[in-house]
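Before any comments, here is the structure.
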Amino acid sequence: MMKLSRLFKDFAWTSIFVVFGAFLGYGMRILFARNLSPSDYGLFYSVVSFFALFSLFRSLGMTESLVHFIPKYTAVKNWNKLRSLIRFVFSIQLLLSFIFSLLFFIFAKSIAVNFFHIESAASLIRLQAITFFVIGIVEILVSIFRGFQNPIFASLYDPIRLLVVVALSIMFLKLKIFHIDNLFLAWLLSYAVLAVLYFIQLYLKYKKVFLFSIKKEKSVVKDIISYSIPLMLGVGIQIIFARIDELILLFFKGTVQVALYEIAYPASQLMTILVSPFLFILFPLVSKLYFEKNKEGIRNILQMIYNAGLFFAAPLTLLLFFYPEIIIKLLFSSKYLEASMALQVMTIGTFFSMFSNINLNVLSGIGKIATRTKILYAIGIFNVILNLILVPKFGYMGAVFATSSSFFLLWFSSYAAFSKEVPGFKLSKSHLLRILFCSFVFMFLVIFLKKILILNMYFEAALIMFVSFTVYFVLGIFVFKIINIKAVKEMIGEIRK
């Protein structure tokens, strides 16, 4: 049994790396948006989204099987099965990665002309085809570390690769060679660095993985297939959900429209950064309480998570909705101000998306994978149909409306599904009133300080945010006790009891 101190260490460091990775991701987007033309900015994310859509066929859900079966085989010290598992996944995924990468490389020009409608995109597609293969290697290595219960090292995935991209991008700016071809090269190098670092660490820490195995374990293949196929179906719809909007938008309207969408969507995701650590602990805790048949405990945890989510999301939601122009101008520059209304609409959608993730984690934790998959497929189909109807006529605003509507339906349907399994759950009215009061104080401070301060735009914004957020969190945490720190610690401790 892992000690509580170890659990807090893993949770704390993983949360730090996740949040740090998120900030680096925004830093990268800011660099790209400010120094690329809208067309090139949209083209970069269009190519990345296109390849992400095929990532399902690279792994077939097998990388997730590593996370599931490595603890099982290590618990019984069956090193032969463990090595067979890793070698089988490596063999299949590398073969599939190579085949798809080769096809993309060969047909790059046809894809560029017929789908992207930009012949010059062929060179970018070829670079990304190589990256596609390298990502396949990195995904396996990360899954192995997760399977060996090493979440800290596994969570370095985003910070390392994004740090490489940001560092190279800054160097390109200094050398005045900041253009889209070099950015795809930086993208490739970031994954190559990850592959080398993870492989070295794997060899040093888990040498048993590399030992020669004589006996082939057919049962391992059966385990992987039985686990991976159902999982692949669920993961597949999530990938489609995340990427299909941009690809439909690209096909009908071009890269500039994708750029505007890629401003509104990531900006709206700012509200999710502070909530992500709570999602990190939700799934394992709900699973534990469910197997103990402790539905009251699940209700209490959900109450706490929903309160925390509302509390942390409220001020950012208000800022994004009422001041989209300022947010876009501060982060991405004034050339993208056209996306202000899209950010407002997407902010509402992302708000529901955040709580949808809570609901879906609960469904997974109580073993309702089939229910979760059905909901995702139904909403995914709805999202595709609505995009096909709205995008040809309304462009990026149609995509934003389709995505936001889908997020609302996803929240509603997932909430209804888990409510049947956890009867009696409801939000506390007293907590809602306290959050509303703190939000009112927050907005009053933002408006008041904005009127009386006459400073440099960036310094003024930083000062206003610091004062407003400080007052908001002091009121919410220390005065109104919206977030019970002691209860949160007890909740984390329950995971390993």
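Each chain in the structure tokens gets a letter, A, B, ..., in the order shown, and its residues are numbered from 1; ligands are numbered from 1 in order too.
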
Residue contacts of Leu302 in chain A (10 Å, only C-alpha atoms) excluding same-chain residues fewer than 3 positions away, as a list in words: Leu282, Val286, Glu296, Gly297, Ile298, Arg299, Ile305, Tyr306, Asn307, Ala308, Ile358, Asn359, Val362, Val422, Phe425, Lys426 and Leu427 of chain A

Restricted to C-alpha atoms, what would the selected residues look like written as an mmCIF file, in the first residue's frame?
```cif
data_model
loop_
_atom_site.group_PDB
_atom_site.id
_atom_site.type_symbol
_atom_site.label_atom_id
_atom_site.label_comp_id
_atom_site.auth_asym_id
_atom_site.auth_seq_id
_atom_site.Cartn_x
_atom_site.Cartn_y
_atom_site.Cartn_z
ATOM 1 C CA LEU A 282 -11.772 11.766 -9.261
ATOM 2 C CA VAL A 286 -15.013 6.973 -7.422
ATOM 3 C CA GLU A 296 -23.065 8.214 -0.049
ATOM 4 C CA GLY A 297 -19.316 8.696 -0.313
ATOM 5 C CA ILE A 298 -19.620 9.152 -4.087
ATOM 6 C CA ARG A 299 -22.337 11.762 -3.555
ATOM 7 C CA ILE A 305 -15.812 18.349 -7.027
ATOM 8 C CA TYR A 306 -18.774 20.261 -8.471
ATOM 9 C CA ASN A 307 -18.369 23.010 -5.879
ATOM 10 C CA ALA A 308 -14.633 23.237 -6.585
ATOM 11 C CA ILE A 358 -16.630 15.146 -14.316
ATOM 12 C CA ASN A 359 -19.752 13.188 -15.242
ATOM 13 C CA VAL A 362 -17.967 9.159 -12.667
ATOM 14 C CA VAL A 422 -25.967 7.967 -7.737
ATOM 15 C CA PHE A 425 -26.960 14.036 -5.669
ATOM 16 C CA LYS A 426 -27.736 17.740 -5.920
ATOM 17 C CA LEU A 427 -25.835 20.985 -5.746
#
```

Exercise: range 472-480 of chain A partners within 7 Å, only C-alpha atoms, chain neighbours under 3 positions left out, as a PyMOL selection string: chain A and resi 434+438+442+468-469+483

Selected residue, from A:Glu292, A:Phe116, A:Lys208, A:Met443, that lies nearest to Tyr323 in chain A when counting only C-alpha atoms: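 Using only C-alpha atoms, the shortest distance to Tyr323 in chain A belongs to A:Met443.
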
Surrounding residues of Lys295 in chain A excluding itself and chain neighbours under 4 positions, 9 Å, only C-alpha atoms, as a CSV table (one decimal) with N, CA and C atoms, in the first residue's frame:
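The resulting result.csv:
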```csv
chain,number,residue,atom,x,y,z
A,289,LEU,N,-14.8,3.8,-4.1
A,289,LEU,CA,-16.0,3.9,-3.4
A,289,LEU,C,-17.1,3.1,-4.0
A,290,TYR,N,-17.1,2.9,-5.3
A,290,TYR,CA,-18.1,2.1,-6.0
A,290,TYR,C,-18.0,0.6,-5.6
A,299,ARG,N,-21.6,10.5,-3.5
A,299,ARG,CA,-22.3,11.8,-3.6
A,299,ARG,C,-21.5,12.9,-2.9
A,300,ASN,N,-20.9,12.6,-1.8
A,300,ASN,CA,-20.1,13.7,-1.1
A,300,ASN,C,-19.0,14.1,-2.0
A,421,GLU,N,-27.4,6.4,-11.3
A,421,GLU,CA,-26.6,5.5,-10.6
A,421,GLU,C,-26.2,6.0,-9.2
A,422,VAL,N,-26.3,7.3,-9.0
A,422,VAL,CA,-26.0,8.0,-7.7
A,422,VAL,C,-27.2,8.8,-7.3
A,423,PRO,N,-28.3,8.2,-6.9
A,423,PRO,CA,-29.5,9.0,-6.6
A,423,PRO,C,-29.2,9.9,-5.4
```

Shell of 9 Å around Val256 in chain A, only C-alpha atoms, local chain residues under 4 positions omitted, as a VMD selection string: chain A and resid 37 to 43 250 260 to 261

File dump, residues just selected, N, CA and C atoms, as a PDB file, in the first residue's frame:
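Saved to again-v5.pdb:
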```pdb
ATOM      1  N   SER A  37       1.093  34.362 -40.049  1.00  0.00           N
ATOM      2  CA  SER A  37      -0.128  34.929 -40.636  1.00  0.00           C
ATOM      3  C   SER A  37      -1.304  34.058 -40.210  1.00  0.00           C
ATOM      4  N   PRO A  38      -2.537  34.622 -40.171  1.00  0.00           N
ATOM      5  CA  PRO A  38      -3.703  33.795 -39.827  1.00  0.00           C
ATOM      6  C   PRO A  38      -3.811  32.542 -40.692  1.00  0.00           C
ATOM      7  N   SER A  39      -3.446  32.649 -41.954  1.00  0.00           N
ATOM      8  CA  SER A  39      -3.521  31.495 -42.848  1.00  0.00           C
ATOM      9  C   SER A  39      -2.548  30.392 -42.417  1.00  0.00           C
ATOM     10  N   ASP A  40      -1.295  30.770 -42.096  1.00  0.00           N
ATOM     11  CA  ASP A  40      -0.310  29.783 -41.669  1.00  0.00           C
ATOM     12  C   ASP A  40      -0.638  29.221 -40.283  1.00  0.00           C
ATOM     13  N   TYR A  41      -1.154  30.082 -39.412  1.00  0.00           N
ATOM     14  CA  TYR A  41      -1.559  29.628 -38.073  1.00  0.00           C
ATOM     15  C   TYR A  41      -2.651  28.574 -38.193  1.00  0.00           C
ATOM     16  N   GLY A  42      -3.630  28.844 -39.043  1.00  0.00           N
ATOM     17  CA  GLY A  42      -4.698  27.880 -39.266  1.00  0.00           C
ATOM     18  C   GLY A  42      -4.208  26.620 -39.937  1.00  0.00           C
ATOM     19  N   LEU A  43      -3.247  26.775 -40.872  1.00  0.00           N
ATOM     20  CA  LEU A  43      -2.711  25.615 -41.573  1.00  0.00           C
ATOM     21  C   LEU A  43      -1.957  24.690 -40.617  1.00  0.00           C
ATOM     22  N   LEU A 250     -11.966  23.326 -42.341  1.00  0.00           N
ATOM     23  CA  LEU A 250     -10.881  23.434 -43.313  1.00  0.00           C
ATOM     24  C   LEU A 250     -11.361  23.088 -44.718  1.00  0.00           C
ATOM     25  N   LEU A 260      -9.255  31.286 -36.800  1.00  0.00           N
ATOM     26  CA  LEU A 260     -10.185  31.974 -35.893  1.00  0.00           C
ATOM     27  C   LEU A 260     -10.791  31.001 -34.886  1.00  0.00           C
ATOM     28  N   TYR A 261     -11.113  29.800 -35.367  1.00  0.00           N
ATOM     29  CA  TYR A 261     -11.635  28.767 -34.468  1.00  0.00           C
ATOM     30  C   TYR A 261     -10.574  28.373 -33.449  1.00  0.00           C
TER      31      TYR A 261
END
```

Gly309 in chain A: which residues within 12 Å, counting only C-alpha atoms, same-chain residues fewer than 2 positions away excluded, as a short mmCIF file (atom, residue, chain, number, x, y, z; two decimals) with all heavy atoms, in the first residue's frame?
```
data_model
loop_
_atom_site.label_atom_id
_atom_site.label_comp_id
_atom_site.auth_asym_id
_atom_site.auth_seq_id
_atom_site.Cartn_x
_atom_site.Cartn_y
_atom_site.Cartn_z
N MET A 271 -10.32 28.26 -18.53
CA MET A 271 -11.04 28.02 -17.28
C MET A 271 -10.83 26.61 -16.74
O MET A 271 -11.09 26.32 -15.58
CB MET A 271 -12.54 28.27 -17.49
CG MET A 271 -13.23 27.19 -18.31
SD MET A 271 -15.01 27.45 -18.45
CE MET A 271 -15.07 28.80 -19.61
N THR A 272 -10.34 25.69 -17.57
CA THR A 272 -10.20 24.31 -17.14
C THR A 272 -8.87 24.02 -16.44
O THR A 272 -8.72 22.96 -15.83
CB THR A 272 -10.32 23.35 -18.35
OG1 THR A 272 -9.19 23.56 -19.23
CG2 THR A 272 -11.61 23.61 -19.12
N ILE A 273 -7.92 24.95 -16.51
CA ILE A 273 -6.58 24.69 -15.96
C ILE A 273 -6.62 24.42 -14.46
O ILE A 273 -6.00 23.47 -13.97
CB ILE A 273 -5.64 25.87 -16.27
CG1 ILE A 273 -5.38 25.97 -17.77
CG2 ILE A 273 -4.32 25.70 -15.52
CD1 ILE A 273 -4.54 27.16 -18.16
N LEU A 274 -7.37 25.24 -13.73
CA LEU A 274 -7.39 25.10 -12.27
C LEU A 274 -8.22 23.91 -11.81
O LEU A 274 -8.12 23.48 -10.65
CB LEU A 274 -7.93 26.39 -11.63
CG LEU A 274 -7.07 27.64 -11.82
CD1 LEU A 274 -7.75 28.86 -11.22
CD2 LEU A 274 -5.70 27.45 -11.18
N VAL A 275 -9.06 23.37 -12.68
CA VAL A 275 -9.92 22.26 -12.30
C VAL A 275 -9.28 20.90 -12.59
O VAL A 275 -9.64 19.89 -12.00
CB VAL A 275 -11.28 22.38 -13.05
CG1 VAL A 275 -12.24 21.27 -12.63
CG2 VAL A 275 -11.92 23.73 -12.76
N SER A 276 -8.30 20.87 -13.49
CA SER A 276 -7.71 19.60 -13.92
C SER A 276 -7.14 18.75 -12.78
O SER A 276 -7.26 17.52 -12.82
CB SER A 276 -6.64 19.84 -14.99
OG SER A 276 -5.65 20.72 -14.53
N PRO A 277 -6.52 19.33 -11.74
CA PRO A 277 -6.03 18.48 -10.65
C PRO A 277 -7.14 17.70 -9.95
O PRO A 277 -6.92 16.57 -9.49
CB PRO A 277 -5.37 19.47 -9.69
CG PRO A 277 -4.95 20.62 -10.55
CD PRO A 277 -6.05 20.73 -11.57
N PHE A 278 -8.35 18.28 -9.88
CA PHE A 278 -9.46 17.57 -9.24
C PHE A 278 -9.92 16.39 -10.09
O PHE A 278 -10.30 15.34 -9.57
CB PHE A 278 -10.62 18.54 -8.99
CG PHE A 278 -10.32 19.59 -7.96
CD1 PHE A 278 -9.87 20.84 -8.34
CD2 PHE A 278 -10.45 19.32 -6.61
CE1 PHE A 278 -9.57 21.82 -7.40
CE2 PHE A 278 -10.15 20.27 -5.66
CZ PHE A 278 -9.71 21.53 -6.05
N LEU A 279 -9.88 16.55 -11.41
CA LEU A 279 -10.24 15.45 -12.30
C LEU A 279 -9.21 14.32 -12.18
O LEU A 279 -9.55 13.14 -12.35
CB LEU A 279 -10.31 15.94 -13.75
CG LEU A 279 -11.46 16.90 -14.07
CD1 LEU A 279 -11.36 17.36 -15.52
CD2 LEU A 279 -12.80 16.24 -13.84
N LEU A 302 -18.73 14.01 -5.25
CA LEU A 302 -19.27 14.77 -6.38
C LEU A 302 -19.66 16.18 -5.95
O LEU A 302 -19.46 17.15 -6.69
CB LEU A 302 -20.47 14.05 -6.99
CG LEU A 302 -20.15 12.82 -7.83
CD1 LEU A 302 -21.43 12.13 -8.28
CD2 LEU A 302 -19.33 13.20 -9.03
N GLN A 303 -20.24 16.26 -4.76
CA GLN A 303 -20.61 17.58 -4.23
C GLN A 303 -19.37 18.47 -4.13
O GLN A 303 -19.37 19.63 -4.55
CB GLN A 303 -21.24 17.41 -2.85
CG GLN A 303 -21.70 18.71 -2.19
CD GLN A 303 -22.99 19.21 -2.77
OE1 GLN A 303 -23.97 18.49 -2.81
NE2 GLN A 303 -23.00 20.43 -3.25
N MET A 304 -18.30 17.89 -3.60
CA MET A 304 -17.05 18.64 -3.43
C MET A 304 -16.44 19.03 -4.77
O MET A 304 -16.00 20.17 -4.96
CB MET A 304 -16.06 17.79 -2.62
CG MET A 304 -14.81 18.53 -2.20
SD MET A 304 -13.66 17.43 -1.33
CE MET A 304 -14.69 16.83 0.00
N ILE A 305 -16.42 18.08 -5.72
CA ILE A 305 -15.81 18.35 -7.03
C ILE A 305 -16.61 19.39 -7.80
O ILE A 305 -16.05 20.29 -8.43
CB ILE A 305 -15.69 17.05 -7.85
CG1 ILE A 305 -14.73 16.07 -7.17
CG2 ILE A 305 -15.23 17.35 -9.27
CD1 ILE A 305 -13.29 16.50 -7.19
N TYR A 306 -17.94 19.27 -7.78
CA TYR A 306 -18.77 20.26 -8.47
C TYR A 306 -18.60 21.65 -7.86
O TYR A 306 -18.51 22.66 -8.57
CB TYR A 306 -20.24 19.84 -8.43
CG TYR A 306 -20.74 19.26 -9.74
CD1 TYR A 306 -20.54 17.92 -10.06
CD2 TYR A 306 -21.41 20.05 -10.67
CE1 TYR A 306 -21.00 17.39 -11.26
CE2 TYR A 306 -21.87 19.54 -11.87
CZ TYR A 306 -21.66 18.20 -12.16
OH TYR A 306 -22.09 17.69 -13.35
N ASN A 307 -18.57 21.72 -6.54
CA ASN A 307 -18.37 23.01 -5.88
C ASN A 307 -17.02 23.61 -6.26
O ASN A 307 -16.92 24.81 -6.56
CB ASN A 307 -18.45 22.85 -4.36
CG ASN A 307 -19.87 22.67 -3.87
OD1 ASN A 307 -20.82 23.04 -4.56
ND2 ASN A 307 -20.03 22.07 -2.70
N PHE A 311 -16.40 26.97 -8.40
CA PHE A 311 -15.66 28.04 -7.74
C PHE A 311 -14.46 28.49 -8.58
O PHE A 311 -14.23 29.68 -8.77
CB PHE A 311 -15.20 27.58 -6.35
CG PHE A 311 -14.33 28.58 -5.64
CD1 PHE A 311 -14.86 29.77 -5.16
CD2 PHE A 311 -12.98 28.34 -5.45
CE1 PHE A 311 -14.06 30.70 -4.52
CE2 PHE A 311 -12.17 29.24 -4.80
CZ PHE A 311 -12.71 30.43 -4.33
N PHE A 312 -13.69 27.53 -9.09
CA PHE A 312 -12.48 27.89 -9.84
C PHE A 312 -12.82 28.38 -11.26
O PHE A 312 -12.09 29.19 -11.83
CB PHE A 312 -11.53 26.69 -9.92
CG PHE A 312 -10.79 26.44 -8.64
CD1 PHE A 312 -11.00 25.28 -7.92
CD2 PHE A 312 -9.88 27.37 -8.16
CE1 PHE A 312 -10.32 25.05 -6.74
CE2 PHE A 312 -9.20 27.15 -6.97
CZ PHE A 312 -9.42 25.98 -6.25
N ALA A 313 -13.90 27.87 -11.83
CA ALA A 313 -14.24 28.24 -13.20
C ALA A 313 -14.96 29.59 -13.29
O ALA A 313 -14.86 30.29 -14.30
CB ALA A 313 -15.11 27.16 -13.84
N ALA A 314 -15.69 29.96 -12.24
CA ALA A 314 -16.55 31.15 -12.29
C ALA A 314 -15.81 32.43 -12.70
O ALA A 314 -16.25 33.12 -13.64
CB ALA A 314 -17.26 31.34 -10.95
N PRO A 315 -14.70 32.80 -12.04
CA PRO A 315 -14.06 34.08 -12.42
C PRO A 315 -13.50 34.07 -13.84
O PRO A 315 -13.61 35.07 -14.55
CB PRO A 315 -12.94 34.24 -11.38
CG PRO A 315 -12.66 32.85 -10.90
CD PRO A 315 -13.99 32.16 -10.92
N LEU A 316 -12.91 32.95 -14.24
CA LEU A 316 -12.37 32.88 -15.61
C LEU A 316 -13.48 32.89 -16.65
O LEU A 316 -13.34 33.49 -17.71
CB LEU A 316 -11.52 31.61 -15.76
CG LEU A 316 -10.16 31.65 -15.08
CD1 LEU A 316 -9.50 30.28 -15.12
CD2 LEU A 316 -9.25 32.68 -15.74
N THR A 317 -14.60 32.24 -16.33
CA THR A 317 -15.74 32.25 -17.24
C THR A 317 -16.25 33.68 -17.44
O THR A 317 -16.55 34.10 -18.56
CB THR A 317 -16.88 31.37 -16.70
OG1 THR A 317 -16.39 30.04 -16.50
CG2 THR A 317 -18.05 31.32 -17.67
N PHE A 351 -17.63 25.61 -20.52
CA PHE A 351 -18.12 25.50 -19.15
C PHE A 351 -18.86 24.18 -18.95
O PHE A 351 -18.62 23.45 -17.98
CB PHE A 351 -19.04 26.68 -18.85
CG PHE A 351 -19.57 26.69 -17.44
CD1 PHE A 351 -18.81 27.21 -16.41
CD2 PHE A 351 -20.83 26.19 -17.15
CE1 PHE A 351 -19.29 27.23 -15.11
CE2 PHE A 351 -21.31 26.20 -15.85
CZ PHE A 351 -20.55 26.72 -14.83
N PHE A 352 -19.75 23.85 -19.89
CA PHE A 352 -20.48 22.57 -19.80
C PHE A 352 -19.56 21.38 -20.10
O PHE A 352 -19.73 20.30 -19.54
CB PHE A 352 -21.67 22.58 -20.76
CG PHE A 352 -22.80 23.43 -20.30
CD1 PHE A 352 -23.07 24.66 -20.89
CD2 PHE A 352 -23.60 23.03 -19.24
CE1 PHE A 352 -24.12 25.46 -20.46
CE2 PHE A 352 -24.66 23.82 -18.79
CZ PHE A 352 -24.91 25.04 -19.40
N SER A 353 -18.57 21.58 -20.97
CA SER A 353 -17.62 20.52 -21.27
C SER A 353 -16.84 20.10 -20.04
O SER A 353 -16.58 18.91 -19.81
CB SER A 353 -16.66 20.98 -22.37
OG SER A 353 -15.60 20.07 -22.54
N MET A 354 -16.46 21.08 -19.24
CA MET A 354 -15.69 20.80 -18.03
C MET A 354 -16.47 19.90 -17.08
O MET A 354 -15.93 18.92 -16.54
CB MET A 354 -15.34 22.12 -17.34
CG MET A 354 -14.52 21.98 -16.09
SD MET A 354 -14.08 23.60 -15.44
CE MET A 354 -15.72 24.27 -15.10
N PHE A 355 -17.75 20.19 -16.90
CA PHE A 355 -18.57 19.37 -16.01
C PHE A 355 -18.98 18.05 -16.67
O PHE A 355 -19.27 17.07 -15.98
CB PHE A 355 -19.79 20.17 -15.53
CG PHE A 355 -19.41 21.26 -14.57
CD1 PHE A 355 -19.24 22.56 -15.01
CD2 PHE A 355 -19.16 20.98 -13.24
CE1 PHE A 355 -18.86 23.57 -14.14
CE2 PHE A 355 -18.78 21.97 -12.35
CZ PHE A 355 -18.63 23.27 -12.81
N SER A 356 -18.98 18.03 -18.00
CA SER A 356 -19.18 16.76 -18.70
C SER A 356 -18.05 15.80 -18.38
O SER A 356 -18.28 14.59 -18.19
CB SER A 356 -19.24 16.99 -20.22
OG SER A 356 -20.32 17.80 -20.58
N ASN A 357 -16.83 16.32 -18.31
CA ASN A 357 -15.68 15.49 -17.97
C ASN A 357 -15.82 14.89 -16.57
O ASN A 357 -15.43 13.75 -16.33
CB ASN A 357 -14.39 16.29 -18.07
CG ASN A 357 -13.99 16.57 -19.50
OD1 ASN A 357 -14.29 15.80 -20.40
ND2 ASN A 357 -13.32 17.69 -19.73
N ILE A 358 -16.37 15.66 -15.66
CA ILE A 358 -16.63 15.15 -14.32
C ILE A 358 -17.62 13.99 -14.39
O ILE A 358 -17.41 12.91 -13.83
CB ILE A 358 -17.16 16.26 -13.40
CG1 ILE A 358 -16.09 17.33 -13.17
CG2 ILE A 358 -17.64 15.68 -12.06
CD1 ILE A 358 -16.56 18.54 -12.38
N LEU A 427 -26.74 19.91 -6.11
CA LEU A 427 -25.84 20.98 -5.75
C LEU A 427 -26.37 21.74 -4.53
O LEU A 427 -27.58 21.94 -4.38
CB LEU A 427 -25.66 21.95 -6.92
CG LEU A 427 -24.95 21.39 -8.15
CD1 LEU A 427 -25.02 22.39 -9.29
CD2 LEU A 427 -23.51 21.04 -7.84
N HIS A 431 -23.81 26.93 -1.22
CA HIS A 431 -22.53 27.07 -1.91
C HIS A 431 -22.69 27.88 -3.19
O HIS A 431 -21.83 28.71 -3.52
CB HIS A 431 -21.96 25.69 -2.23
CG HIS A 431 -21.16 25.10 -1.11
ND1 HIS A 431 -21.74 24.48 -0.04
CD2 HIS A 431 -19.81 25.06 -0.88
CE1 HIS A 431 -20.80 24.07 0.80
NE2 HIS A 431 -19.62 24.40 0.32
N LEU A 432 -23.77 27.65 -3.91
CA LEU A 432 -24.01 28.40 -5.14
C LEU A 432 -24.14 29.89 -4.85
O LEU A 432 -23.61 30.73 -5.59
CB LEU A 432 -25.28 27.89 -5.84
CG LEU A 432 -25.18 26.51 -6.52
CD1 LEU A 432 -26.55 26.09 -7.05
CD2 LEU A 432 -24.17 26.55 -7.65
N ILE A 435 -20.70 31.34 -4.09
CA ILE A 435 -19.92 31.49 -5.32
C ILE A 435 -20.41 32.68 -6.12
O ILE A 435 -19.62 33.46 -6.68
CB ILE A 435 -20.00 30.20 -6.17
CG1 ILE A 435 -19.26 29.06 -5.45
CG2 ILE A 435 -19.38 30.41 -7.55
CD1 ILE A 435 -19.46 27.71 -6.08
N ILE A 482 -15.78 27.86 0.84
CA ILE A 482 -16.34 27.13 -0.31
C ILE A 482 -15.50 25.90 -0.60
O ILE A 482 -16.02 24.82 -0.92
CB ILE A 482 -16.41 28.05 -1.55
CG1 ILE A 482 -17.40 29.20 -1.27
CG2 ILE A 482 -16.85 27.26 -2.78
CD1 ILE A 482 -17.40 30.27 -2.35
N ILE A 483 -14.17 26.04 -0.50
CA ILE A 483 -13.26 24.91 -0.66
C ILE A 483 -12.75 24.52 0.72
O ILE A 483 -12.06 25.30 1.38
CB ILE A 483 -12.06 25.26 -1.57
CG1 ILE A 483 -12.55 25.73 -2.94
CG2 ILE A 483 -11.13 24.07 -1.72
CD1 ILE A 483 -13.31 24.68 -3.72
#
```

Residues within 10 Å of Ala129 in chain A, only C-alpha atoms, excluding chain neighbours under 6 positions, as a VMD selection string: chain A and resid 51 97 to 98 100 to 106 108 123 135 188

Residues near range 189-204 of chain A, cut-off 10 Å, only C-alpha atoms, skip fewer than 4 positions along chain, as a PyMOL selection string: chain A and resi 131-142+144-145+153-154+156-158+160-166+168+183-185+208-210

Atomic separation - CA of Ala122 in chain A relative to CA of Ser110 in chain A, Å: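 Going from CA of Ser110 in chain A over to CA of Ala122 in chain A, I get 8.0 Å.
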
CA of Met346 in chain A to CA of Leu453 in chain A, straight-line distance in Å: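 The value is 29.6 Å.
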
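Take CA of Leu82 in chain A and CA of Arg372 in chain A: the distance between them is 29.5 Å.
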
Backbone DSSP call of alpha helix (DSSP H) for range 389-482 of chain A, listed as a ChimeraX atom specification: /A:389-394,396-421,429-452,457-473
